[in-house]
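Undergrad: Could you have a look at this structure, given as structure tokens, before my questions?
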Amino acid sequence: MTATQPAAESSSAPPAWARRPTNLAKAVTAELVGRIVRGEHPPGTPLPPEPALCEAFAVSRTVIREAVKILQEKGLVQVRQGAGTMVTAPAKWNMLDEHVLAASIDQDESLQLLDDLVVTRRLLESDMAHIAARLATQDVVDQLRTLVDRMDELVDDHVTYAEHDRAFHDVIMQASGNRIARGVIRALESQVVNTARYMGRPERAMCIASNRGHRRVYERIAAHDPSGAAEAMFTHITEAWLVRRSAPGDPVRLDR
């Protein structure tokens with residue numbers, strides 16, 4: 001091997017896109033979603049033309065066209081005759097889409113998007129707790145009691161505690177019978193449940209306080225008290241998030 005070979009190999013090395021992931025269009029789409037959300041392609045401006053995108057990603061026109069089609073479905077671009085593919089305003093983006101939501105949260109230094117997510121979750125779960133308190137069978141009540149008691153034993157194991165925490169909320173959501181609301185919450189939380197920005201710093205005291213909230217919700221459901229269950233869930237979700245997201249100077253608006 002000559003001294004010049006490494007440099008030559010380096011200069012001719014194919015881009016990462018040439019490694020050919022299983023679905024090139026999805027890979028290109030994910031990258032373009034990130035660029036749009038980061039503002040590299042601002043709203044109201046066109047995406048680069050097809051030839052430029054083909055060259056940038058080392059893929060065919062077919063792949064680029066499929067990626068643009070997916071971007072349209074996500075609400076990020078609009079194809080205009082004679083004007084090209086235009087980036088749309090954020091108000092038109094599908095915030096329930098996993099790529100759009102994840103990229104948006106990653107860019108949200110103020111945590112406003114996570115505040116909005118918590119408000120949405122709080123409204124839906126409070127309503128589901130209200131319904132669950134009316135409909136809960138003894139089996140549901142027993143499941144909730146078992147989970148709450150077990151979480152008291154898991155306050156020093158935040159990973160297992162978090163698994164039981166999610167199971168507790170899911171039992172209530174399923175008991176309510178509202179599959180749409182449950183689906184929305186599960187879709188939202190799937191994007192943030194493993195992020196430090198949403199989960200905060202896992203601490204024993206935080207788990208203890210959180211489970212006090214769970215126990216109040218359980219007690220109101222066991223008592224078949226719909227209003228009390230809704231209020232307990234509303235308070236629990238609000239207080240738990242305020243503790244997780246707290247930082248000096250951070251503005252918080254959860255009064256909606």
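Each chain in the structure tokens gets a letter, A, B and so on, in the order shown; residues start at 1 in every chain, and ligands are counted from 1 in the order they appear.
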Find the spatial neighbours of Glu231 in chain A, counting only C-alpha atoms, within a cut-off of 10 Å - ignore same-chain residues fewer than 5 positions away - and output them as a PyMOL selection string.
TA: chain A and resi 126-127+129-130+216-217+220+226+236
Undergrad: Can those selected residues be exported to a file as a PDB file, in the first residue's frame so that it contains N, CA, C and O atoms?
TA:
ATOM      1  N   SER A 126     -57.296  12.441  32.348  1.00  0.00           N
ATOM      2  CA  SER A 126     -58.264  12.813  33.384  1.00  0.00           C
ATOM      3  C   SER A 126     -59.649  12.326  32.993  1.00  0.00           C
ATOM      4  O   SER A 126     -60.402  11.798  33.821  1.00  0.00           O
ATOM      5  N   ASP A 127     -59.985  12.508  31.722  1.00  0.00           N
ATOM      6  CA  ASP A 127     -61.291  12.046  31.246  1.00  0.00           C
ATOM      7  C   ASP A 127     -61.379  10.522  31.315  1.00  0.00           C
ATOM      8  O   ASP A 127     -62.419   9.968  31.707  1.00  0.00           O
ATOM      9  N   ALA A 129     -59.758   8.565  33.372  1.00  0.00           N
ATOM     10  CA  ALA A 129     -59.869   8.175  34.783  1.00  0.00           C
ATOM     11  C   ALA A 129     -61.308   8.343  35.265  1.00  0.00           C
ATOM     12  O   ALA A 129     -61.815   7.531  36.054  1.00  0.00           O
ATOM     13  N   HIS A 130     -61.964   9.412  34.802  1.00  0.00           N
ATOM     14  CA  HIS A 130     -63.372   9.659  35.147  1.00  0.00           C
ATOM     15  C   HIS A 130     -64.235   8.475  34.695  1.00  0.00           C
ATOM     16  O   HIS A 130     -65.073   7.961  35.454  1.00  0.00           O
ATOM     17  N   ARG A 216     -53.575   7.981  45.088  1.00  0.00           N
ATOM     18  CA  ARG A 216     -54.806   8.784  45.158  1.00  0.00           C
ATOM     19  C   ARG A 216     -55.726   8.459  43.984  1.00  0.00           C
ATOM     20  O   ARG A 216     -56.941   8.363  44.154  1.00  0.00           O
ATOM     21  N   VAL A 217     -55.135   8.283  42.809  1.00  0.00           N
ATOM     22  CA  VAL A 217     -55.948   7.922  41.640  1.00  0.00           C
ATOM     23  C   VAL A 217     -56.591   6.552  41.860  1.00  0.00           C
ATOM     24  O   VAL A 217     -57.804   6.372  41.629  1.00  0.00           O
ATOM     25  N   ARG A 220     -59.540   6.633  44.341  1.00  0.00           N
ATOM     26  CA  ARG A 220     -60.772   7.233  43.811  1.00  0.00           C
ATOM     27  C   ARG A 220     -61.455   6.298  42.807  1.00  0.00           C
ATOM     28  O   ARG A 220     -62.689   6.248  42.743  1.00  0.00           O
ATOM     29  N   PRO A 226     -65.983   9.127  40.050  1.00  0.00           N
ATOM     30  CA  PRO A 226     -65.479   9.658  38.780  1.00  0.00           C
ATOM     31  C   PRO A 226     -64.836  11.037  38.892  1.00  0.00           C
ATOM     32  O   PRO A 226     -63.729  11.254  38.371  1.00  0.00           O
ATOM     33  N   HIS A 236     -52.001  14.622  39.622  1.00  0.00           N
ATOM     34  CA  HIS A 236     -50.826  13.743  39.544  1.00  0.00           C
ATOM     35  C   HIS A 236     -49.959  14.062  38.332  1.00  0.00           C
ATOM     36  O   HIS A 236     -48.743  14.224  38.444  1.00  0.00           O
TER      37      HIS A 236
END
Undergrad: Got a sec to tell me which of range 16-248 of chain A DSSP assigns to alpha helix (DSSP H), as a short mmCIF file (atom, residue, chain, number, x, y, z; two decimals) with N, CA and C atoms, in the first residue's frame?
TA:
data_model
loop_
_atom_site.label_atom_id
_atom_site.label_comp_id
_atom_site.auth_asym_id
_atom_site.auth_seq_id
_atom_site.Cartn_x
_atom_site.Cartn_y
_atom_site.Cartn_z
N LEU A 24 -34.41 3.03 1.58
CA LEU A 24 -33.71 4.29 1.31
C LEU A 24 -34.64 5.49 1.40
N ALA A 25 -35.86 5.34 0.90
CA ALA A 25 -36.78 6.48 0.91
C ALA A 25 -37.07 6.93 2.33
N LYS A 26 -37.24 5.97 3.25
CA LYS A 26 -37.51 6.34 4.64
C LYS A 26 -36.29 7.00 5.28
N ALA A 27 -35.10 6.51 4.93
CA ALA A 27 -33.87 7.10 5.47
C ALA A 27 -33.71 8.53 4.98
N VAL A 28 -33.94 8.75 3.69
CA VAL A 28 -33.84 10.10 3.14
C VAL A 28 -34.91 10.99 3.77
N THR A 29 -36.12 10.46 3.93
CA THR A 29 -37.21 11.23 4.54
C THR A 29 -36.84 11.67 5.94
N ALA A 30 -36.31 10.75 6.74
CA ALA A 30 -35.95 11.08 8.12
C ALA A 30 -34.94 12.22 8.16
N GLU A 31 -33.96 12.18 7.26
CA GLU A 31 -32.95 13.24 7.21
C GLU A 31 -33.57 14.57 6.80
N LEU A 32 -34.45 14.54 5.81
CA LEU A 32 -35.09 15.77 5.35
C LEU A 32 -36.04 16.34 6.40
N VAL A 33 -36.73 15.47 7.14
CA VAL A 33 -37.57 15.95 8.24
C VAL A 33 -36.72 16.73 9.24
N GLY A 34 -35.57 16.17 9.59
CA GLY A 34 -34.69 16.85 10.53
C GLY A 34 -34.22 18.19 10.01
N ARG A 35 -33.86 18.23 8.74
CA ARG A 35 -33.38 19.49 8.15
C ARG A 35 -34.48 20.55 8.12
N ILE A 36 -35.70 20.13 7.80
CA ILE A 36 -36.81 21.09 7.76
C ILE A 36 -37.12 21.61 9.16
N VAL A 37 -37.20 20.72 10.13
CA VAL A 37 -37.51 21.13 11.49
C VAL A 37 -36.42 22.03 12.06
N GLU A 50 -34.71 17.94 -7.64
CA GLU A 50 -34.45 16.49 -7.62
C GLU A 50 -32.99 16.14 -7.91
N PRO A 51 -32.38 16.70 -8.98
CA PRO A 51 -30.99 16.33 -9.26
C PRO A 51 -30.04 16.61 -8.10
N ALA A 52 -30.25 17.74 -7.43
CA ALA A 52 -29.38 18.10 -6.30
C ALA A 52 -29.58 17.13 -5.15
N LEU A 53 -30.84 16.73 -4.87
CA LEU A 53 -31.10 15.79 -3.79
C LEU A 53 -30.55 14.40 -4.14
N CYS A 54 -30.68 14.01 -5.40
CA CYS A 54 -30.13 12.72 -5.83
C CYS A 54 -28.63 12.68 -5.59
N GLU A 55 -27.97 13.78 -5.92
CA GLU A 55 -26.52 13.83 -5.75
C GLU A 55 -26.15 13.88 -4.27
N ALA A 56 -26.89 14.65 -3.50
CA ALA A 56 -26.56 14.80 -2.09
C ALA A 56 -26.70 13.48 -1.33
N PHE A 57 -27.72 12.70 -1.68
CA PHE A 57 -27.97 11.46 -0.96
C PHE A 57 -27.48 10.21 -1.71
N ARG A 61 -33.75 9.08 -8.61
CA ARG A 61 -34.92 9.97 -8.62
C ARG A 61 -36.13 9.28 -8.00
N THR A 62 -36.25 7.97 -8.22
CA THR A 62 -37.38 7.23 -7.66
C THR A 62 -37.39 7.33 -6.14
N VAL A 63 -36.22 7.21 -5.52
CA VAL A 63 -36.12 7.31 -4.06
C VAL A 63 -36.49 8.71 -3.60
N ILE A 64 -36.00 9.73 -4.28
CA ILE A 64 -36.30 11.11 -3.89
C ILE A 64 -37.79 11.39 -4.04
N ARG A 65 -38.38 10.92 -5.11
CA ARG A 65 -39.81 11.17 -5.30
C ARG A 65 -40.65 10.49 -4.23
N GLU A 66 -40.24 9.28 -3.83
CA GLU A 66 -40.95 8.59 -2.76
C GLU A 66 -40.78 9.33 -1.44
N ALA A 67 -39.58 9.85 -1.18
CA ALA A 67 -39.33 10.61 0.04
C ALA A 67 -40.18 11.88 0.08
N VAL A 68 -40.27 12.57 -1.05
CA VAL A 68 -41.08 13.79 -1.12
C VAL A 68 -42.55 13.46 -0.89
N LYS A 69 -42.99 12.33 -1.43
CA LYS A 69 -44.38 11.90 -1.21
C LYS A 69 -44.64 11.68 0.28
N ILE A 70 -43.69 11.06 0.99
CA ILE A 70 -43.84 10.83 2.43
C ILE A 70 -43.84 12.15 3.18
N LEU A 71 -42.97 13.08 2.76
CA LEU A 71 -42.96 14.41 3.39
C LEU A 71 -44.30 15.10 3.22
N GLN A 72 -44.93 14.95 2.06
CA GLN A 72 -46.26 15.52 1.84
C GLN A 72 -47.27 14.93 2.81
N GLU A 73 -47.21 13.62 3.00
CA GLU A 73 -48.13 12.95 3.91
C GLU A 73 -47.95 13.43 5.34
N GLU A 98 -44.24 10.31 14.13
CA GLU A 98 -43.10 10.03 15.01
C GLU A 98 -41.85 10.82 14.64
N HIS A 99 -41.56 10.96 13.34
CA HIS A 99 -40.35 11.68 12.94
C HIS A 99 -40.49 13.18 13.18
N VAL A 100 -41.65 13.72 12.87
CA VAL A 100 -41.87 15.16 13.06
C VAL A 100 -41.83 15.51 14.54
N LEU A 101 -42.52 14.71 15.36
CA LEU A 101 -42.55 14.99 16.80
C LEU A 101 -41.16 14.86 17.42
N ALA A 102 -40.45 13.79 17.08
CA ALA A 102 -39.13 13.58 17.67
C ALA A 102 -38.16 14.70 17.28
N ALA A 103 -38.17 15.08 16.01
CA ALA A 103 -37.27 16.16 15.56
C ALA A 103 -37.66 17.49 16.19
N SER A 104 -38.94 17.74 16.35
CA SER A 104 -39.41 19.00 16.93
C SER A 104 -39.03 19.10 18.40
N ILE A 105 -39.21 18.00 19.13
CA ILE A 105 -38.85 17.99 20.54
C ILE A 105 -37.35 18.20 20.70
N ASP A 106 -36.57 17.59 19.82
CA ASP A 106 -35.12 17.72 19.89
C ASP A 106 -34.66 19.17 19.72
N GLN A 107 -35.45 19.96 18.98
CA GLN A 107 -35.09 21.35 18.72
C GLN A 107 -35.73 22.32 19.71
N GLN A 112 -41.45 23.95 25.53
CA GLN A 112 -42.86 24.30 25.31
C GLN A 112 -43.61 23.14 24.66
N LEU A 113 -42.96 22.44 23.76
CA LEU A 113 -43.63 21.33 23.09
C LEU A 113 -43.94 20.21 24.08
N LEU A 114 -43.02 19.95 24.99
CA LEU A 114 -43.28 18.94 26.00
C LEU A 114 -44.36 19.41 26.97
N ASP A 115 -44.39 20.71 27.26
CA ASP A 115 -45.49 21.25 28.07
C ASP A 115 -46.83 20.97 27.39
N ASP A 116 -46.88 21.20 26.09
CA ASP A 116 -48.11 20.96 25.34
C ASP A 116 -48.47 19.47 25.34
N LEU A 117 -47.46 18.63 25.23
CA LEU A 117 -47.71 17.19 25.26
C LEU A 117 -48.32 16.79 26.60
N VAL A 118 -47.77 17.32 27.68
CA VAL A 118 -48.29 16.98 29.01
C VAL A 118 -49.71 17.50 29.20
N VAL A 119 -49.99 18.71 28.70
CA VAL A 119 -51.35 19.24 28.78
C VAL A 119 -52.32 18.33 28.04
N THR A 120 -51.93 17.89 26.86
CA THR A 120 -52.78 16.99 26.07
C THR A 120 -53.00 15.68 26.80
N ARG A 121 -51.92 15.12 27.31
CA ARG A 121 -52.03 13.87 28.06
C ARG A 121 -52.91 14.05 29.29
N ARG A 122 -52.75 15.15 29.99
CA ARG A 122 -53.51 15.38 31.22
C ARG A 122 -55.00 15.46 30.95
N LEU A 123 -55.37 16.17 29.89
CA LEU A 123 -56.79 16.29 29.54
C LEU A 123 -57.39 14.94 29.20
N LEU A 124 -56.68 14.18 28.37
CA LEU A 124 -57.21 12.88 27.94
C LEU A 124 -57.24 11.88 29.09
N GLU A 125 -56.17 11.81 29.87
CA GLU A 125 -56.12 10.81 30.95
C GLU A 125 -57.07 11.16 32.09
N SER A 126 -57.30 12.44 32.35
CA SER A 126 -58.26 12.81 33.38
C SER A 126 -59.65 12.33 32.99
N ASP A 127 -59.99 12.51 31.72
CA ASP A 127 -61.29 12.05 31.25
C ASP A 127 -61.38 10.52 31.31
N MET A 128 -60.30 9.85 30.95
CA MET A 128 -60.32 8.38 31.00
C MET A 128 -60.40 7.87 32.43
N ALA A 129 -59.76 8.57 33.37
CA ALA A 129 -59.87 8.18 34.78
C ALA A 129 -61.31 8.34 35.26
N HIS A 130 -61.96 9.41 34.80
CA HIS A 130 -63.37 9.66 35.15
C HIS A 130 -64.24 8.47 34.69
N ILE A 131 -64.02 8.03 33.45
CA ILE A 131 -64.80 6.91 32.91
C ILE A 131 -64.43 5.60 33.61
N ALA A 132 -63.13 5.40 33.84
CA ALA A 132 -62.67 4.16 34.48
C ALA A 132 -63.27 4.01 35.87
N ALA A 133 -63.44 5.12 36.59
CA ALA A 133 -64.02 5.05 37.93
C ALA A 133 -65.47 4.57 37.89
N ARG A 134 -66.14 4.82 36.78
CA ARG A 134 -67.52 4.35 36.63
C ARG A 134 -67.58 2.89 36.18
N LEU A 135 -66.60 2.50 35.34
CA LEU A 135 -66.69 1.20 34.70
C LEU A 135 -65.79 0.13 35.30
N GLN A 138 -63.78 -5.31 39.49
CA GLN A 138 -62.92 -5.64 40.63
C GLN A 138 -61.54 -6.07 40.16
N ASP A 139 -61.49 -6.70 38.99
CA ASP A 139 -60.19 -7.12 38.45
C ASP A 139 -59.31 -5.91 38.15
N VAL A 140 -59.91 -4.85 37.59
CA VAL A 140 -59.16 -3.63 37.31
C VAL A 140 -58.67 -3.00 38.61
N VAL A 141 -59.55 -2.92 39.59
CA VAL A 141 -59.17 -2.35 40.89
C VAL A 141 -58.02 -3.15 41.51
N ASP A 142 -58.10 -4.46 41.42
CA ASP A 142 -57.04 -5.31 41.98
C ASP A 142 -55.72 -5.09 41.25
N GLN A 143 -55.78 -4.94 39.92
CA GLN A 143 -54.56 -4.68 39.15
C GLN A 143 -53.92 -3.37 39.58
N LEU A 144 -54.72 -2.35 39.75
CA LEU A 144 -54.19 -1.04 40.15
C LEU A 144 -53.58 -1.10 41.55
N ARG A 145 -54.26 -1.77 42.47
CA ARG A 145 -53.72 -1.88 43.82
C ARG A 145 -52.39 -2.63 43.82
N THR A 146 -52.31 -3.71 43.05
CA THR A 146 -51.07 -4.48 42.97
C THR A 146 -49.93 -3.63 42.42
N LEU A 147 -50.21 -2.86 41.38
CA LEU A 147 -49.18 -2.01 40.79
C LEU A 147 -48.73 -0.91 41.74
N VAL A 148 -49.67 -0.28 42.42
CA VAL A 148 -49.31 0.79 43.36
C VAL A 148 -48.48 0.23 44.51
N ASP A 149 -48.90 -0.91 45.06
CA ASP A 149 -48.14 -1.51 46.15
C ASP A 149 -46.73 -1.90 45.69
N ARG A 150 -46.64 -2.44 44.49
CA ARG A 150 -45.34 -2.84 43.97
C ARG A 150 -44.44 -1.63 43.73
N MET A 151 -45.01 -0.53 43.25
CA MET A 151 -44.20 0.67 43.01
C MET A 151 -43.64 1.23 44.30
N ASP A 152 -44.33 1.06 45.41
CA ASP A 152 -43.78 1.48 46.70
C ASP A 152 -42.48 0.74 47.00
N GLU A 153 -42.35 -0.47 46.48
CA GLU A 153 -41.16 -1.29 46.72
C GLU A 153 -40.06 -1.01 45.69
N HIS A 158 -35.45 2.95 39.48
CA HIS A 158 -36.28 3.83 38.66
C HIS A 158 -36.65 3.23 37.31
N VAL A 159 -35.84 2.30 36.79
CA VAL A 159 -36.17 1.69 35.50
C VAL A 159 -37.39 0.79 35.63
N THR A 160 -37.38 -0.10 36.61
CA THR A 160 -38.53 -0.99 36.81
C THR A 160 -39.73 -0.21 37.31
N TYR A 161 -39.46 0.81 38.13
CA TYR A 161 -40.57 1.67 38.58
C TYR A 161 -41.28 2.29 37.38
N ALA A 162 -40.51 2.80 36.42
CA ALA A 162 -41.10 3.46 35.25
C ALA A 162 -41.95 2.48 34.44
N GLU A 163 -41.52 1.23 34.36
CA GLU A 163 -42.31 0.22 33.63
C GLU A 163 -43.65 0.01 34.31
N HIS A 164 -43.65 -0.07 35.64
CA HIS A 164 -44.90 -0.24 36.39
C HIS A 164 -45.77 1.01 36.31
N ASP A 165 -45.11 2.16 36.30
CA ASP A 165 -45.83 3.44 36.16
C ASP A 165 -46.63 3.45 34.86
N ARG A 166 -45.98 3.09 33.76
CA ARG A 166 -46.68 3.07 32.47
C ARG A 166 -47.80 2.02 32.47
N ALA A 167 -47.54 0.88 33.11
CA ALA A 167 -48.57 -0.16 33.18
C ALA A 167 -49.79 0.33 33.97
N PHE A 168 -49.57 1.07 35.05
CA PHE A 168 -50.65 1.62 35.86
C PHE A 168 -51.56 2.51 35.02
N HIS A 169 -50.94 3.43 34.29
CA HIS A 169 -51.72 4.35 33.46
C HIS A 169 -52.43 3.59 32.34
N ASP A 170 -51.78 2.56 31.80
CA ASP A 170 -52.38 1.83 30.70
C ASP A 170 -53.60 1.02 31.16
N VAL A 171 -53.55 0.50 32.37
CA VAL A 171 -54.71 -0.23 32.90
C VAL A 171 -55.92 0.70 32.96
N ILE A 172 -55.71 1.94 33.39
CA ILE A 172 -56.80 2.91 33.47
C ILE A 172 -57.30 3.27 32.09
N MET A 173 -56.37 3.49 31.17
CA MET A 173 -56.79 3.84 29.81
C MET A 173 -57.60 2.72 29.18
N GLN A 174 -57.16 1.48 29.37
CA GLN A 174 -57.91 0.36 28.81
C GLN A 174 -59.26 0.22 29.48
N ALA A 175 -59.31 0.46 30.79
CA ALA A 175 -60.58 0.34 31.51
C ALA A 175 -61.60 1.37 31.03
N SER A 176 -61.11 2.51 30.54
CA SER A 176 -62.03 3.55 30.06
C SER A 176 -62.70 3.15 28.75
N ARG A 179 -60.29 3.87 22.99
CA ARG A 179 -59.12 3.40 22.25
C ARG A 179 -58.42 4.53 21.49
N ILE A 180 -59.19 5.53 21.06
CA ILE A 180 -58.59 6.65 20.33
C ILE A 180 -57.68 7.45 21.25
N ALA A 181 -58.19 7.83 22.43
CA ALA A 181 -57.39 8.60 23.37
C ALA A 181 -56.16 7.81 23.81
N ARG A 182 -56.34 6.52 24.06
CA ARG A 182 -55.20 5.69 24.45
C ARG A 182 -54.16 5.65 23.33
N GLY A 183 -54.63 5.53 22.09
CA GLY A 183 -53.70 5.49 20.97
C GLY A 183 -52.92 6.78 20.82
N VAL A 184 -53.60 7.92 21.03
CA VAL A 184 -52.92 9.21 20.94
C VAL A 184 -51.83 9.32 22.00
N ILE A 185 -52.17 8.97 23.23
CA ILE A 185 -51.20 9.08 24.33
C ILE A 185 -50.03 8.14 24.12
N ARG A 186 -50.31 6.92 23.71
CA ARG A 186 -49.23 5.97 23.48
C ARG A 186 -48.31 6.42 22.34
N ALA A 187 -48.90 7.02 21.31
CA ALA A 187 -48.10 7.52 20.19
C ALA A 187 -47.21 8.68 20.64
N LEU A 188 -47.77 9.58 21.44
CA LEU A 188 -47.00 10.71 21.93
C LEU A 188 -45.89 10.26 22.86
N GLU A 189 -46.22 9.43 23.82
CA GLU A 189 -45.24 9.03 24.83
C GLU A 189 -44.15 8.14 24.25
N SER A 190 -44.45 7.40 23.20
CA SER A 190 -43.43 6.52 22.61
C SER A 190 -42.24 7.31 22.10
N ALA A 196 -34.23 12.08 28.36
CA ALA A 196 -33.99 12.73 29.65
C ALA A 196 -34.80 14.01 29.79
N ARG A 197 -35.08 14.68 28.68
CA ARG A 197 -35.80 15.95 28.74
C ARG A 197 -37.24 15.75 29.23
N TYR A 198 -37.80 14.59 28.95
CA TYR A 198 -39.17 14.31 29.41
C TYR A 198 -39.18 13.59 30.76
N MET A 199 -38.26 12.66 30.94
CA MET A 199 -38.27 11.83 32.15
C MET A 199 -37.64 12.53 33.35
N ARG A 204 -35.09 8.85 44.04
CA ARG A 204 -35.97 8.12 44.97
C ARG A 204 -37.13 9.00 45.42
N ALA A 205 -36.83 10.23 45.79
CA ALA A 205 -37.88 11.12 46.29
C ALA A 205 -38.94 11.39 45.23
N MET A 206 -38.50 11.47 43.95
CA MET A 206 -39.44 11.73 42.88
C MET A 206 -40.38 10.52 42.70
N CYS A 207 -39.83 9.31 42.80
CA CYS A 207 -40.66 8.11 42.68
C CYS A 207 -41.66 8.02 43.83
N ILE A 208 -41.21 8.37 45.03
CA ILE A 208 -42.10 8.32 46.19
C ILE A 208 -43.26 9.29 46.01
N ALA A 209 -42.94 10.52 45.59
CA ALA A 209 -43.99 11.52 45.39
C ALA A 209 -44.93 11.11 44.26
N SER A 210 -44.36 10.56 43.19
CA SER A 210 -45.17 10.12 42.06
C SER A 210 -46.15 9.04 42.48
N ASN A 211 -45.69 8.09 43.29
CA ASN A 211 -46.58 7.00 43.65
C ASN A 211 -47.67 7.42 44.64
N ARG A 212 -47.42 8.49 45.38
CA ARG A 212 -48.51 9.03 46.20
C ARG A 212 -49.65 9.49 45.30
N GLY A 213 -49.27 10.08 44.16
CA GLY A 213 -50.28 10.49 43.20
C GLY A 213 -51.01 9.29 42.60
N HIS A 214 -50.25 8.24 42.29
CA HIS A 214 -50.88 7.02 41.78
C HIS A 214 -51.88 6.45 42.79
N ARG A 215 -51.50 6.46 44.05
CA ARG A 215 -52.37 5.87 45.07
C ARG A 215 -53.67 6.65 45.20
N ARG A 216 -53.58 7.98 45.09
CA ARG A 216 -54.81 8.78 45.16
C ARG A 216 -55.73 8.46 43.98
N VAL A 217 -55.14 8.28 42.81
CA VAL A 217 -55.95 7.92 41.64
C VAL A 217 -56.59 6.55 41.86
N TYR A 218 -55.79 5.59 42.30
CA TYR A 218 -56.31 4.24 42.55
C TYR A 218 -57.46 4.27 43.56
N GLU A 219 -57.28 5.00 44.65
CA GLU A 219 -58.31 5.04 45.70
C GLU A 219 -59.62 5.61 45.19
N ARG A 220 -59.54 6.63 44.34
CA ARG A 220 -60.77 7.23 43.81
C ARG A 220 -61.45 6.30 42.81
N ILE A 221 -60.65 5.56 42.04
CA ILE A 221 -61.25 4.59 41.11
C ILE A 221 -61.87 3.43 41.89
N ALA A 222 -61.15 2.97 42.92
CA ALA A 222 -61.68 1.87 43.74
C ALA A 222 -62.98 2.28 44.43
N PRO A 226 -65.98 9.13 40.05
CA PRO A 226 -65.48 9.66 38.78
C PRO A 226 -64.84 11.04 38.89
N SER A 227 -65.50 11.97 39.57
CA SER A 227 -64.95 13.33 39.68
C SER A 227 -63.64 13.32 40.47
N GLY A 228 -63.61 12.54 41.55
CA GLY A 228 -62.40 12.45 42.35
C GLY A 228 -61.25 11.82 41.59
N ALA A 229 -61.56 10.80 40.77
CA ALA A 229 -60.51 10.14 39.99
C ALA A 229 -59.95 11.08 38.94
N ALA A 230 -60.84 11.84 38.28
CA ALA A 230 -60.38 12.79 37.27
C ALA A 230 -59.50 13.87 37.89
N GLU A 231 -59.92 14.38 39.04
CA GLU A 231 -59.14 15.42 39.72
C GLU A 231 -57.79 14.87 40.19
N ALA A 232 -57.79 13.65 40.72
CA ALA A 232 -56.54 13.05 41.19
C ALA A 232 -55.57 12.83 40.03
N MET A 233 -56.09 12.39 38.88
CA MET A 233 -55.23 12.19 37.71
C MET A 233 -54.69 13.52 37.20
N PHE A 234 -55.54 14.52 37.14
CA PHE A 234 -55.14 15.86 36.70
C PHE A 234 -53.99 16.37 37.58
N THR A 235 -54.16 16.26 38.89
CA THR A 235 -53.14 16.75 39.83
C THR A 235 -51.86 15.93 39.73
N HIS A 236 -52.00 14.62 39.62
CA HIS A 236 -50.83 13.74 39.54
C HIS A 236 -49.96 14.06 38.33
N ILE A 237 -50.58 14.16 37.16
CA ILE A 237 -49.81 14.40 35.94
C ILE A 237 -49.16 15.78 35.98
N THR A 238 -49.90 16.78 36.48
CA THR A 238 -49.36 18.14 36.57
C THR A 238 -48.15 18.19 37.50
N GLU A 239 -48.32 17.67 38.71
CA GLU A 239 -47.26 17.75 39.71
C GLU A 239 -46.02 16.96 39.29
N ALA A 240 -46.25 15.77 38.72
CA ALA A 240 -45.12 14.94 38.31
C ALA A 240 -44.30 15.63 37.23
N TRP A 241 -44.96 16.28 36.28
CA TRP A 241 -44.23 16.96 35.21
C TRP A 241 -43.51 18.20 35.72
N LEU A 242 -44.14 18.96 36.58
CA LEU A 242 -43.48 20.16 37.10
C LEU A 242 -42.20 19.81 37.84
N VAL A 243 -42.20 18.69 38.55
CA VAL A 243 -40.98 18.25 39.23
C VAL A 243 -39.93 17.81 38.21
N ARG A 244 -40.33 17.07 37.18
CA ARG A 244 -39.37 16.55 36.21
C ARG A 244 -38.76 17.65 35.36
N ARG A 245 -39.53 18.65 35.03
CA ARG A 245 -39.02 19.66 34.10
C ARG A 245 -38.46 20.89 34.79
#
Undergrad: Using only C-alpha atoms, which residues sit within 12 Å of Ala91 in chain A once same-chain residues fewer than 4 positions away are excluded, as a list in words?
TA: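 Residues meeting the cut-off are Val37, Pro43, Lys74, Gly75, Leu76, Val77, Val87 and Met95 of chain A.
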Undergrad: When you draw a straight line from CA of Glu40 in chain A to CA of Ser60 in chain A, how long is it in Å?
TA: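 These atoms are spaced 22.3 Å apart.
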Undergrad: Under the rule that only C-alpha atoms are counted, which of A:Asn178, A:Ala83, A:Ala136, A:Val59 is the nearest residue to Leu47 in chain A?
TA: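 Using only C-alpha atoms, Leu47 in chain A sits closest to A:Ala83.
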Undergrad: Considering only strand (DSSP E or B) as DSSP defines it on the backbone, what residues of range 24-248 of chain A qualify? List them as a ChimeraX atom specification.
TA: /A:46,77-80,84-87
Undergrad: CA of Thr85 in chain A and CA of Asp108 in chain A are how many Å apart?
TA: 25.5 Å
Undergrad: One decimal, Å: what's the distance from CA of Thr137 in chain A over to CA of Leu154 in chain A, could you say?
TA: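 Distance reported for this atom pair: 26.0 Å.
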